[in-house]
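For reference, coords-v7.txt is printed below; it contains compact mmCIF, C-alpha atoms.
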```txt
# COMPACT_ATOMS: atom_id res chain seq x y z
CA MET Q 17 69.85 -6.66 103.28
CA LYS Q 18 68.40 -4.93 100.31
CA ARG Q 19 69.84 -7.57 97.95
CA ILE Q 20 68.18 -10.37 99.98
CA THR Q 21 64.86 -8.58 99.74
CA VAL Q 22 65.11 -8.39 95.92
CA TRP Q 23 65.89 -12.11 95.66
CA LEU Q 24 62.93 -12.97 97.89
CA LEU Q 25 60.61 -10.97 95.67
CA ALA Q 26 61.96 -12.75 92.58
CA VAL Q 27 61.45 -16.19 94.19
CA CYS Q 28 57.87 -15.29 95.16
CA LEU Q 29 57.11 -14.13 91.64
CA LEU Q 30 58.41 -17.39 90.12
CA CYS Q 31 56.36 -19.47 92.58
CA THR Q 32 53.24 -17.49 91.66
CA LEU Q 33 53.79 -18.09 87.93
CA ALA Q 34 54.37 -21.79 88.53
CA CYS Q 35 50.98 -22.12 90.24
CA VAL Q 36 48.99 -20.53 87.39
CA LYS Q 37 47.18 -23.17 85.22
CA GLU Q 38 48.12 -23.08 81.52
CA PRO Q 39 45.19 -22.16 79.33
CA ASP Q 40 43.68 -24.69 76.87
CA GLU Q 41 44.44 -22.33 74.02
CA PRO Q 42 47.73 -20.50 73.79
CA ILE Q 43 47.36 -16.86 74.57
CA LEU Q 44 47.87 -14.75 71.54
CA GLN Q 45 50.92 -12.69 72.06
CA ILE Q 46 50.59 -9.33 70.40
CA THR Q 47 53.47 -7.08 69.91
CA ALA Q 48 53.45 -3.61 68.57
CA GLU Q 49 55.08 -4.79 65.39
CA GLU Q 50 52.31 -7.44 64.78
CA THR Q 51 49.24 -5.24 65.39
CA PRO Q 52 46.88 -5.91 62.41
CA ALA Q 53 45.70 -3.05 60.28
CA PRO Q 54 42.13 -1.91 60.99
CA VAL Q 55 39.47 -3.81 59.03
CA ASP Q 56 37.87 -1.83 56.17
CA ASP Q 57 34.17 -2.68 56.16
CA THR Q 58 33.56 -0.78 52.91
CA PRO Q 59 32.43 -3.33 50.23
CA GLU Q 60 34.66 -3.58 47.24
CA GLU Q 61 33.26 -1.99 44.06
CA THR Q 62 32.02 -4.57 41.55
CA PRO Q 63 33.42 -3.77 38.12
CA ALA Q 64 30.65 -2.56 35.76
CA PRO Q 65 29.69 -5.18 33.18
CA GLU Q 66 30.76 -4.51 29.64
CA GLN Q 67 28.04 -2.58 27.84
CA THR Q 68 26.66 -4.40 24.79
CA PRO Q 69 25.99 -1.79 22.13
CA GLU Q 70 22.29 -1.49 21.35
CA PRO Q 71 21.36 -2.66 17.86
CA THR Q 72 20.79 0.09 15.35
CA PRO Q 73 17.04 0.39 14.68
CA GLU Q 74 15.99 -0.78 11.25
CA PRO Q 75 15.05 2.04 8.86
CA GLU Q 76 11.41 2.54 7.92
CA ILE Q 77 11.05 1.88 4.19
CA TYR Q 78 7.92 2.95 2.31
CA PHE Q 79 6.87 2.24 -1.29
CA VAL Q 80 4.30 4.13 -3.34
CA VAL Q 81 0.85 2.53 -3.64
CA ALA Q 82 -1.17 5.48 -4.95
CA TYR Q 83 -0.69 8.91 -6.52
CA ALA Q 84 -3.12 11.84 -6.64
CA VAL Q 85 -2.93 15.12 -8.53
CA ASP Q 86 -5.89 17.48 -8.87
CA GLU Q 87 -8.84 15.16 -9.52
CA ALA Q 88 -6.75 12.35 -11.04
CA TYR Q 89 -5.89 9.29 -8.95
CA TYR Q 90 -3.56 6.45 -9.97
CA GLU Q 91 -2.52 3.13 -8.46
CA GLY Q 92 -1.64 -0.45 -9.40
CA ASP Q 93 -0.44 -0.83 -13.00
CA GLU Q 94 -1.05 2.87 -13.60
CA LEU Q 95 1.92 3.69 -11.37
CA THR Q 96 4.19 1.80 -13.73
CA LYS Q 97 2.52 3.14 -16.85
CA TYR Q 98 3.07 6.76 -15.84
CA GLY Q 99 6.55 6.34 -14.34
CA ILE Q 100 5.41 6.83 -10.74
CA ALA Q 101 6.32 3.35 -9.47
CA PRO Q 102 10.02 3.99 -8.65
CA THR Q 103 9.08 6.15 -5.65
CA GLU Q 104 10.45 5.15 -2.26
CA LEU Q 105 10.97 6.87 1.11
CA VAL Q 106 13.57 5.66 3.65
CA LEU Q 107 13.41 7.09 7.18
CA ASN Q 108 16.40 6.28 9.43
CA ALA Q 109 16.17 6.45 13.22
CA ASP Q 110 18.79 9.22 13.31
CA ARG Q 111 16.42 11.47 11.31
CA THR Q 112 18.32 11.03 8.05
CA GLY Q 113 17.03 9.15 5.04
CA LYS Q 114 16.57 8.98 1.29
CA LEU Q 115 13.77 9.95 -1.04
CA ASN Q 116 13.58 8.33 -4.46
CA LEU Q 117 10.97 10.41 -6.25
CA MET Q 118 10.04 8.71 -9.53
CA GLY Q 119 13.67 7.62 -10.06
CA SER Q 120 15.44 10.74 -8.72
CA GLU Q 121 17.15 10.01 -5.37
CA THR Q 122 17.95 12.66 -2.72
CA ASP Q 123 19.55 12.47 0.73
CA ILE Q 124 17.15 14.00 3.25
CA GLU Q 125 16.63 14.89 6.88
CA TRP Q 126 13.21 14.57 8.49
CA THR Q 127 11.27 15.37 11.65
CA GLU Q 128 8.49 13.49 13.36
CA ASP Q 129 6.05 16.30 12.61
CA GLY Q 130 6.47 15.57 8.88
CA SER Q 131 9.05 18.06 7.65
CA ILE Q 132 11.51 16.87 4.98
CA THR Q 133 14.62 18.93 4.23
CA ALA Q 134 17.66 18.50 2.00
CA GLY Q 135 20.90 20.27 2.90
CA GLY Q 136 18.97 22.20 5.54
CA GLN Q 137 16.51 23.58 3.00
CA PRO Q 138 12.76 22.81 3.27
CA LEU Q 139 11.72 20.28 0.64
CA TYR Q 140 8.42 18.43 1.17
CA THR Q 141 6.09 17.34 3.97
CA PHE Q 142 4.35 14.12 4.97
CA ILE Q 143 1.71 12.89 7.38
CA ARG Q 144 1.21 9.46 8.92
CA ALA Q 145 -2.24 8.34 7.78
CA ASP Q 146 -1.92 5.27 10.01
CA ALA Q 147 0.81 3.12 11.58
CA ASP Q 148 1.97 1.77 8.20
CA THR Q 149 0.90 4.44 5.72
CA ILE Q 150 2.49 7.79 4.89
CA VAL Q 151 1.10 10.47 2.60
CA LEU Q 152 3.92 12.47 1.00
CA ARG Q 153 2.96 15.91 -0.27
CA VAL Q 154 5.04 17.25 -3.15
CA TYR Q 155 3.68 20.64 -4.19
CA GLU Q 156 0.17 19.95 -5.56
CA THR Q 157 0.58 16.16 -5.68
CA GLU Q 158 0.21 13.46 -3.04
CA PHE Q 159 1.97 10.09 -2.90
CA THR Q 160 0.47 7.42 -0.65
CA LEU Q 161 3.28 5.16 0.55
CA ARG Q 162 2.98 1.82 2.36
CA ARG Q 163 5.60 0.50 4.80
CA SER Q 164 7.64 -2.42 3.47
CA GLY Q 165 6.81 -5.66 5.28
CA ALA Q 166 3.95 -4.03 7.20
CA GLN Q 167 2.56 -6.43 9.78
CA PRO Q 168 -1.10 -6.76 10.62
CA GLN Q 169 -0.68 -6.04 14.33
CA SER Q 170 -1.10 -2.31 13.95
CA ALA Q 171 -4.42 -2.83 12.23
CA GLU Q 172 -5.36 -5.58 14.66
CA ALA Q 173 -4.72 -3.30 17.58
CA SER Q 174 -7.07 -0.74 16.13
CA ALA Q 175 -9.63 -3.45 15.49
CA ALA Q 176 -10.27 -4.24 19.12
CA PRO Q 177 -12.78 -1.68 20.34
CA ALA Q 178 -15.55 -2.78 22.61
CA ALA Q 179 -18.36 -4.29 20.59
CA GLN Q 180 -21.30 -2.01 19.89
CA PRO Q 181 -24.89 -3.19 19.70
CA ASP Q 182 -26.12 -4.18 16.25
CA GLY Q 183 -28.51 -1.25 16.21
CA GLU Q 184 -25.83 1.40 16.59
CA THR Q 185 -26.94 4.96 16.06
CA VAL Q 186 -25.23 7.11 13.45
CA GLU Q 187 -25.59 10.61 12.20
CA ALA Q 188 -26.01 11.59 8.60
CA GLY Q 189 -22.67 11.95 6.81
CA ALA Q 190 -23.58 14.36 4.03
CA SER Q 191 -19.96 15.01 3.03
CA GLY Q 192 -18.95 11.33 2.96
CA GLU Q 193 -16.55 11.65 5.91
CA PRO Q 194 -16.45 8.67 8.35
CA TYR Q 195 -18.73 9.05 11.39
CA GLY Q 196 -20.81 7.06 13.89
CA ASP Q 197 -20.10 4.41 16.54
CA SER Q 198 -20.20 1.19 14.49
CA ASP Q 199 -17.62 -1.46 15.40
CA GLY Q 200 -17.26 -2.37 11.71
CA VAL Q 201 -17.44 -6.13 12.40
CA ILE Q 202 -18.72 -8.27 9.50
CA GLU Q 203 -18.28 -11.95 8.68
CA ARG Q 204 -14.91 -12.91 7.20
CA LYS Q 205 -16.27 -13.97 3.79
CA LYS Q 206 -17.95 -10.60 3.40
CA LEU Q 207 -14.78 -8.84 4.53
CA ALA Q 208 -12.63 -10.67 1.96
CA ALA Q 209 -15.21 -9.87 -0.72
CA LEU Q 210 -15.25 -6.21 0.31
CA TYR Q 211 -11.53 -5.88 -0.30
CA HIS Q 212 -11.72 -7.89 -3.54
CA TRP Q 213 -14.48 -5.56 -4.74
CA LEU Q 214 -12.51 -2.42 -3.90
CA GLU Q 215 -9.17 -3.73 -5.12
CA SER Q 216 -10.47 -4.98 -8.47
CA MET Q 217 -12.56 -1.88 -9.21
CA GLN Q 218 -11.36 0.76 -11.67
CA SER Q 219 -9.55 3.35 -9.59
CA GLU Q 220 -11.38 6.24 -11.32
CA PHE Q 221 -14.68 4.95 -9.96
CA ARG Q 222 -13.38 3.74 -6.59
CA SER Q 223 -11.91 7.18 -5.88
CA LEU Q 224 -15.46 8.61 -5.90
CA LEU Q 225 -16.88 6.21 -3.28
CA THR Q 226 -17.98 7.67 0.05
CA PHE Q 227 -17.94 6.12 3.51
CA ASP Q 228 -21.69 5.51 3.30
CA GLU Q 229 -21.49 3.88 -0.14
CA ILE Q 230 -18.79 1.45 0.97
CA GLY Q 231 -20.76 0.73 4.14
CA ALA Q 232 -23.89 0.02 2.08
CA ALA Q 233 -21.90 -2.44 -0.08
CA ALA Q 234 -20.46 -4.14 3.03
CA GLY Q 235 -23.86 -4.27 4.71
CA LYS Q 236 -22.60 -2.30 7.72
CA ALA Q 237 -20.94 1.02 8.42
CA GLY Q 238 -17.22 0.93 9.07
CA CYS Q 239 -15.62 1.86 12.38
CA ASP Q 240 -14.58 5.52 12.46
CA LYS Q 241 -10.89 5.67 13.45
CA GLN Q 242 -11.43 9.23 14.70
CA ASP Q 243 -8.09 10.26 13.22
CA GLY Q 244 -9.34 12.97 10.87
CA ASP Q 245 -6.85 15.78 10.41
CA GLY Q 246 -8.96 17.89 8.08
CA LYS Q 247 -7.45 16.27 4.99
CA TYR Q 248 -7.49 12.52 5.71
CA HIS Q 249 -9.84 10.41 7.81
CA GLY Q 250 -9.72 6.61 8.19
CA ALA Q 251 -12.27 3.89 8.84
CA TYR Q 252 -12.04 0.11 8.92
CA TRP Q 253 -14.07 -3.07 8.62
CA THR Q 254 -12.97 -6.21 10.46
CA ASP Q 255 -13.91 -9.84 11.12
CA GLY Q 256 -13.38 -9.16 14.83
CA ASN Q 257 -10.08 -11.03 14.74
CA LYS Q 258 -7.05 -10.55 12.51
CA GLY Q 259 -8.78 -9.61 9.28
CA VAL Q 260 -8.96 -5.84 8.72
CA VAL Q 261 -9.75 -3.68 5.66
CA THR Q 262 -8.77 -0.05 6.22
CA VAL Q 263 -9.91 2.76 3.95
CA THR Q 264 -8.38 6.22 4.19
CA PHE Q 265 -10.74 8.89 2.89
CA ARG Q 266 -9.44 12.17 1.53
CA GLU Q 267 -11.16 15.53 1.32
CA SER Q 268 -11.44 17.49 -1.90
CA ASN Q 269 -13.66 20.51 -2.36
CA GLY Q 270 -15.77 19.60 0.67
CA ALA Q 271 -16.34 15.96 -0.35
CA TRP Q 272 -14.71 12.97 1.35
CA THR Q 273 -14.04 10.06 -0.98
CA CYS Q 274 -12.02 6.85 -1.04
CA GLY Q 275 -8.24 7.21 -1.08
CA SER Q 276 -5.92 4.35 -0.13
CA ILE Q 277 -7.17 0.86 0.75
CA VAL Q 278 -5.17 -1.60 2.87
CA CYS Q 279 -5.95 -5.23 3.73
CA SER Q 280 -4.24 -7.13 6.56
CA GLY Q 281 -4.83 -10.56 8.03
CA ILE Q 282 -6.39 -11.96 4.82
CA PRO Q 283 -4.06 -13.65 2.29
CA LYS Q 284 -4.29 -12.73 -1.38
CA ASP Q 285 -5.43 -16.16 -2.51
CA GLU Q 286 -8.38 -15.87 -0.10
CA TYR Q 287 -9.67 -12.45 -1.15
CA ASP Q 288 -9.01 -13.15 -4.85
CA LYS Q 289 -11.49 -16.04 -4.64
CA ALA Q 290 -14.09 -14.11 -2.64
CA ASP Q 291 -17.49 -13.80 -4.34
CA ILE Q 292 -18.33 -10.20 -5.26
CA SER Q 293 -21.37 -11.00 -7.39
CA ARG Q 294 -23.69 -9.26 -4.90
CA PHE Q 295 -21.62 -6.08 -4.74
CA PRO Q 296 -22.50 -3.04 -6.88
CA LYS Q 297 -21.15 -3.13 -10.45
CA LEU Q 298 -19.43 0.10 -11.39
CA GLY Q 299 -17.46 1.36 -14.38
CA SER Q 300 -16.83 -1.16 -17.14
CA SER Q 301 -18.33 -3.87 -14.89
CA ALA Q 302 -21.76 -2.22 -14.97
CA PRO Q 303 -24.45 -4.46 -16.49
CA ALA Q 304 -25.17 -4.06 -20.19
CA GLY Q 305 -28.36 -2.08 -20.69
CA SER Q 306 -28.16 -0.37 -17.29
CA VAL Q 307 -27.91 2.99 -19.09
CA PRO Q 308 -29.08 4.05 -22.58
CA THR Q 309 -26.65 3.70 -25.50
CA ALA Q 310 -26.05 5.77 -28.61
CA THR Q 311 -24.55 4.62 -31.92
CA VAL Q 312 -21.26 6.43 -32.46
CA THR Q 313 -19.23 6.40 -35.68
CA LEU Q 314 -15.48 7.03 -35.71
CA GLU Q 315 -13.12 6.86 -38.67
CA GLY Q 316 -9.56 5.65 -39.04
CA THR Q 317 -7.21 5.36 -42.02
CA CYS Q 318 -4.82 2.72 -43.31
CA SER Q 319 -3.15 2.08 -46.70
CA GLY Q 320 -4.87 5.18 -48.10
CA LYS Q 321 -8.29 3.81 -47.15
CA THR Q 322 -10.86 5.05 -44.66
CA ILE Q 323 -12.21 2.59 -42.10
CA GLU Q 324 -15.55 3.43 -40.53
CA VAL Q 325 -16.12 1.99 -37.04
CA ARG Q 326 -19.56 2.01 -35.43
CA ALA Q 327 -20.38 1.03 -31.85
CA ASP Q 328 -23.27 1.27 -29.42
CA VAL Q 329 -21.70 3.32 -26.63
CA PRO Q 330 -23.33 3.85 -23.17
CA GLU Q 331 -24.29 7.49 -22.80
CA THR Q 332 -22.61 7.71 -19.38
CA GLY Q 333 -19.43 6.00 -18.22
CA TRP Q 334 -17.88 5.63 -21.72
CA TYR Q 335 -16.25 8.26 -23.94
CA PRO Q 336 -15.20 7.64 -27.57
CA VAL Q 337 -12.18 9.63 -28.78
CA LYS Q 338 -10.59 9.72 -32.24
CA GLY Q 339 -6.81 10.08 -32.18
CA SER Q 340 -4.38 10.78 -34.99
CA PHE Q 341 -3.70 7.09 -35.61
CA ASP Q 342 -6.11 5.22 -33.35
CA LEU Q 343 -9.55 5.15 -31.74
CA HIS Q 344 -10.24 4.99 -28.00
CA TYR Q 345 -13.31 4.10 -25.96
CA TYR Q 346 -12.48 5.27 -22.44
CA SER Q 347 -14.29 3.99 -19.36
CA ALA Q 348 -14.42 6.88 -16.88
CA PRO Q 349 -16.87 8.55 -14.48
CA SER Q 350 -16.79 11.85 -16.41
CA GLU Q 351 -15.58 13.24 -19.71
CA ASP Q 352 -12.87 15.39 -18.13
CA LYS Q 353 -11.35 12.27 -16.58
CA ALA Q 354 -11.59 10.16 -19.73
CA LYS Q 355 -8.19 10.76 -21.32
CA ASN Q 356 -6.45 10.11 -17.98
CA SER Q 357 -8.25 6.81 -17.51
CA ALA Q 358 -6.21 3.61 -17.61
CA SER Q 359 -9.33 1.63 -18.57
CA TYR Q 360 -10.18 1.61 -22.25
CA ILE Q 361 -10.62 -0.18 -25.59
CA LEU Q 362 -7.99 0.75 -28.18
CA ILE Q 363 -8.46 0.17 -31.92
CA GLU Q 364 -5.51 0.44 -34.32
CA PHE Q 365 -5.03 -0.32 -38.03
CA PHE Q 366 -2.03 -1.90 -39.80
CA GLU Q 367 -1.01 -2.63 -43.39
CA SER Q 368 -0.14 -6.29 -42.68
CA GLU Q 369 -0.16 -8.93 -39.98
CA GLU Q 370 3.63 -8.63 -39.76
CA LYS Q 371 3.34 -4.91 -38.95
CA LEU Q 372 0.62 -5.63 -36.43
CA THR Q 373 2.69 -8.23 -34.53
CA GLU Q 374 6.19 -6.75 -34.92
CA LYS Q 375 6.37 -5.79 -31.21
CA ALA Q 376 5.22 -9.18 -29.98
CA ASP Q 377 8.71 -9.91 -28.63
CA THR Q 378 8.03 -7.35 -25.88
CA TYR Q 379 4.98 -9.29 -24.66
CA GLU Q 380 5.25 -11.36 -21.48
CA ASN Q 381 3.15 -14.24 -20.10
CA VAL Q 382 1.36 -14.65 -23.43
CA GLN Q 383 -1.74 -16.83 -23.45
CA THR Q 384 -3.69 -17.74 -26.58
CA LEU Q 385 -7.46 -17.18 -26.49
CA ALA Q 386 -10.13 -18.84 -28.57
CA ALA Q 387 -10.86 -17.07 -31.87
CA ARG Q 388 -13.77 -14.66 -31.69
CA LYS Q 389 -15.98 -13.10 -34.36
CA ILE Q 390 -16.31 -9.32 -33.95
CA GLY Q 391 -18.22 -7.22 -36.47
CA GLY Q 392 -18.46 -10.24 -38.74
CA VAL Q 393 -14.67 -10.69 -38.80
CA LYS Q 394 -13.02 -13.78 -37.32
CA MET Q 395 -10.19 -12.62 -35.05
CA LYS Q 396 -7.35 -14.29 -33.18
CA GLY Q 397 -7.16 -13.60 -29.47
CA MET Q 398 -4.47 -13.48 -26.81
CA GLN Q 399 -3.68 -12.09 -23.37
CA TYR Q 400 -0.30 -10.77 -22.27
CA GLN Q 401 1.60 -8.28 -20.16
CA ARG Q 402 3.54 -5.39 -21.62
CA TYR Q 403 5.42 -2.81 -19.57
CA GLY Q 404 3.55 -3.91 -16.45
CA MET Q 405 0.07 -3.58 -18.00
CA GLU Q 406 -2.40 -6.40 -18.64
CA TRP Q 407 -3.82 -6.61 -22.17
CA THR Q 408 -6.44 -8.63 -24.02
CA GLU Q 409 -6.12 -8.37 -27.80
CA PHE Q 410 -8.17 -9.53 -30.79
CA TYR Q 411 -6.96 -8.93 -34.34
CA GLY Q 412 -7.88 -9.87 -37.87
CA ARG Q 413 -7.95 -8.83 -41.55
CA LEU Q 414 -10.58 -6.35 -42.75
CA GLY Q 415 -9.47 -6.26 -46.41
CA ASP Q 416 -6.48 -5.87 -48.69
CA GLY Q 417 -3.79 -3.96 -46.83
CA VAL Q 418 -6.03 -3.38 -43.80
CA TRP Q 419 -5.66 -5.26 -40.50
CA ILE Q 420 -7.38 -4.30 -37.28
CA SER Q 421 -6.20 -4.71 -33.68
CA ILE Q 422 -8.64 -4.35 -30.76
CA LYS Q 423 -6.87 -4.10 -27.39
CA LEU Q 424 -8.51 -3.90 -23.99
CA THR Q 425 -6.87 -2.95 -20.69
CA GLY Q 426 -8.24 -2.16 -17.24
CA VAL Q 427 -11.79 -3.13 -18.23
CA ASP Q 428 -14.09 -5.99 -17.28
CA LEU Q 429 -14.82 -8.21 -20.27
CA THR Q 430 -17.05 -10.58 -18.32
CA LYS Q 431 -20.15 -11.69 -20.21
CA GLY Q 432 -23.10 -9.34 -19.62
CA THR Q 433 -21.02 -6.26 -18.81
CA GLN Q 434 -21.08 -2.96 -20.69
CA THR Q 435 -17.60 -3.80 -22.00
CA ASP Q 436 -18.80 -7.09 -23.45
CA ALA Q 437 -21.82 -5.44 -25.06
CA LEU Q 438 -19.76 -2.60 -26.56
CA LEU Q 439 -17.27 -5.07 -28.07
CA LYS Q 440 -20.09 -7.15 -29.59
CA SER Q 441 -21.66 -4.04 -31.11
CA LEU Q 442 -18.60 -3.07 -33.17
CA LYS Q 443 -19.05 -2.94 -36.95
CA PHE Q 444 -16.45 -2.06 -39.62
CA LYS Q 445 -16.62 -0.70 -43.13
CA VAL Q 446 -13.59 -0.14 -45.37
CA GLN Q 447 -14.05 2.61 -47.98
```

Show this structure as structure tokens.
Amino acid sequence: MKRITVWLLAVCLLCTLACVKEPDEPILQITAEETPAPVDDTPEETPAPEQTPEPTPEPEIYFVVAYAVDEAYYEGDELTKYGIAPTELVLNADRTGKLNLMGSETDIEWTEDGSITAGGQPLYTFIRADADTIVLRVYETEFTLRRSGAQPQSAEASAAPAAQPDGETVEAGASGEPYGDSDGVIERKKLAALYHWLESMQSEFRSLLTFDEIGAAAGKAGCDKQDGDGKYHGAYWTDGNKGVVTVTFRESNGAWTCGSIVCSGIPKDEYDKADISRFPKLGSSAPAGSVPTATVTLEGTCSGKTIEVRADVPETGWYPVKGSFDLHYYSAPSEDKAKNSASYILIEFFESEEKLTEKADTYENVQTLAARKIGGVKMKGMQYQRYGMEWTEFYGRLGDGVWISIKLTGVDLTKGTQTDALLKSLKFKVQ
């Protein structure tokens, strides 16, 4: 009976399964062996991109543009003449660098506050006068260095203050230090002429100019950069756009006078052509007759003979000096600066024309000038460069075994100047 009951239950179960409708989709049969692993919702880590090494910053390279010691100040051709020109400062981003001081090179370390060391030992110091200018202090001397390839943007950025009214108020600047609230904006032609005037002026006279004197020449006060550190203080004049002339004034014994000058945004061919006829004439460019003259007699010797040289020399601004073998007429603002001046007339004597011209093979860019009569003697003329200096020379025969050479450098020989008048006044007598 029990077996029959089991069979009946089996038959009922089969009938029940037969009556169930098959699903449209097959039922997923899951077994213990096929149970999928749990899904990990954690996002996969994206591999970090390869890091491109940052480019090494270019070193800052500065070249000397001016040199000051005591009251003497040199720049331009004078730097070559006195062996100052091969001075260069290289500042690497890792605070290492090189200093080539007048041809002597040293590996250095430096800090942003202006300390220079070598092998861990203190060496020199420097300050940043502006974005592109460094003043290197070596004991009692100062080298003004300009960044290689300096771009005008740094000056342009500083040239964008809000415009001030034309009638700006200023306070008296008795010491010559920059002051006031002028925007320094002048027309571009005047700006180009301002730099031409400053750049072409004898450095001995330019180094005495004050902020007010330069402003008077420009017709407007410059814009005070308000960067005075007690030793240097800058100001600039601008055309209101890209043209900027920056002057850094330096203090000495309580007086602030012109130090470095920098022009940006005006090409050389533009400022070289700028008219400076209305600007003050200083030094050898001063008009003839603007100061009294005195007749001065100097003597030289050649071939056993004495040569007497007379000239009408301005009583200020010119200083005659007799050397062992030559005569000098120095153009300088004071007698104590005369022998350091790079602006002068040099007279020498020779036994023959061959002796006089024996170093002509060292002359460069020689140009022949029209003959000129000086002191009643017809003389040949030429211009040339020698060892980086520009020379104008006239020479001729004074008598048997006596030839004279008159050389001029760093002076303005334009007609009507004191230089021109002094040259015309020369007279010679062979005894």

Query - Contact residues around stretch 422-434 of chain Q with all atoms listed in the file at 10 Å, ignoring same-chain residues under 6 positions, as a ChimeraX atom specification - result: /Q:93-94,216-219,297-307,309,328-330,333-334,343-347,357-365,390,395,397-399,405-412,440

Query raised in the report: Could you name the residues that touch Q:Gln447 at 8 Å or less, counting only C-alpha atoms, but leaving out those on the same chain fewer than 3 positions away, as JSON, numbers by chain?
Result: {"Q": [321, 322, 323, 324]}

With a distance cut-off of 12 Å and all atoms listed in the file, select the neighbouring residues of stretch 286-290 of chain Q, excluding the residue or stretch itself and same-chain residues fewer than 4 positions from it, and output the selection as an mmCIF file with C-alpha atoms, keeping the file's coordinate frame.
```
data_model
loop_
_atom_site.group_PDB
_atom_site.id
_atom_site.type_symbol
_atom_site.label_atom_id
_atom_site.label_comp_id
_atom_site.auth_asym_id
_atom_site.auth_seq_id
_atom_site.Cartn_x
_atom_site.Cartn_y
_atom_site.Cartn_z
ATOM 1 C CA ARG Q 204 -14.910 -12.910 7.200
ATOM 2 C CA LYS Q 205 -16.270 -13.970 3.790
ATOM 3 C CA LYS Q 206 -17.950 -10.600 3.400
ATOM 4 C CA LEU Q 207 -14.780 -8.840 4.530
ATOM 5 C CA ALA Q 208 -12.630 -10.670 1.960
ATOM 6 C CA ALA Q 209 -15.210 -9.870 -0.720
ATOM 7 C CA LEU Q 210 -15.250 -6.210 0.310
ATOM 8 C CA TYR Q 211 -11.530 -5.880 -0.300
ATOM 9 C CA HIS Q 212 -11.720 -7.890 -3.540
ATOM 10 C CA TRP Q 213 -14.480 -5.560 -4.740
ATOM 11 C CA LEU Q 214 -12.510 -2.420 -3.900
ATOM 12 C CA GLU Q 215 -9.170 -3.730 -5.120
ATOM 13 C CA SER Q 216 -10.470 -4.980 -8.470
ATOM 14 C CA GLY Q 259 -8.780 -9.610 9.280
ATOM 15 C CA VAL Q 260 -8.960 -5.840 8.720
ATOM 16 C CA VAL Q 261 -9.750 -3.680 5.660
ATOM 17 C CA CYS Q 279 -5.950 -5.230 3.730
ATOM 18 C CA SER Q 280 -4.240 -7.130 6.560
ATOM 19 C CA GLY Q 281 -4.830 -10.560 8.030
ATOM 20 C CA ILE Q 282 -6.390 -11.960 4.820
ATOM 21 C CA ARG Q 294 -23.690 -9.260 -4.900
ATOM 22 C CA PHE Q 295 -21.620 -6.080 -4.740
#
```

Query raised in the report: Which of these residues is nearest to Q:Tyr78, using all atoms listed in the file: Q:Val312, Q:Ile150, Q:Val393, Q:Ala232?
Result: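 The shortest atom-to-atom distance to Q:Tyr78 comes from Q:Ile150.
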
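Coordinates place atom CA of Q:Thr112 at a distance of 9.0 Å from atom CA of Q:Thr127.
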
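Nearest to Q:Lys236 of all the residues Q:His249, Q:Ile202, Q:Ile292, Q:Thr264 is Q:Ile202, counting all atoms listed in the file.
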
Query raised in the report: Could you name the residues that touch Q:Asp228 at 8 Å or less, counting all atoms listed in the file, but leaving out those on the same chain fewer than 2 positions away, as a ChimeraX atom specification?
Result: /Q:189,192,194,226,230-232,237

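Atom CA of Q:Leu161 lies 5.0 Å from atom CA of Q:Phe79.
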
Query raised in the report: Can you tell me how far atom CA of Q:Val418 sits from atom CA of Q:Glu367, in Å to one decimal?
Result: 5.1 Å

Query - Counting all atoms listed in the file, the option among Q:Asn269, Q:Ala88, Q:Ile277, Q:Thr96 closest to Q:Arg402 - result: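 Of all the options, Q:Thr96 lies closest to Q:Arg402.
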
Query raised in the report: With all atoms listed in the file as the atoms that count, which of Q:Phe142, Q:Phe444, Q:Tyr83, Q:Trp253 lies nearest to Q:Leu314?
Result: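 Smallest distance to Q:Leu314 is found for Q:Phe444.
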
Requested in this report: Using all atoms listed in the file, determine which residues lie at most 8 Å from Q:Asp240, disregarding the query and same-chain residues fewer than 6 positions distant; provide the list as a list in words.
Outcome: Pro194, Tyr195, Gly196, Asp197, Ser198, Gly250, Ala251 and Tyr252 of chain Q

Query raised in the report: Counting only C-alpha atoms, which residues come within 12 Å of (-1.3, 5.7, -11.2), with the point read in the file's coordinates, and could you list them as a VMD selection string?
Result: chain Q and resid 80 to 85 88 to 103 118 157 to 160 218 to 220 223 356 to 359 404 to 405
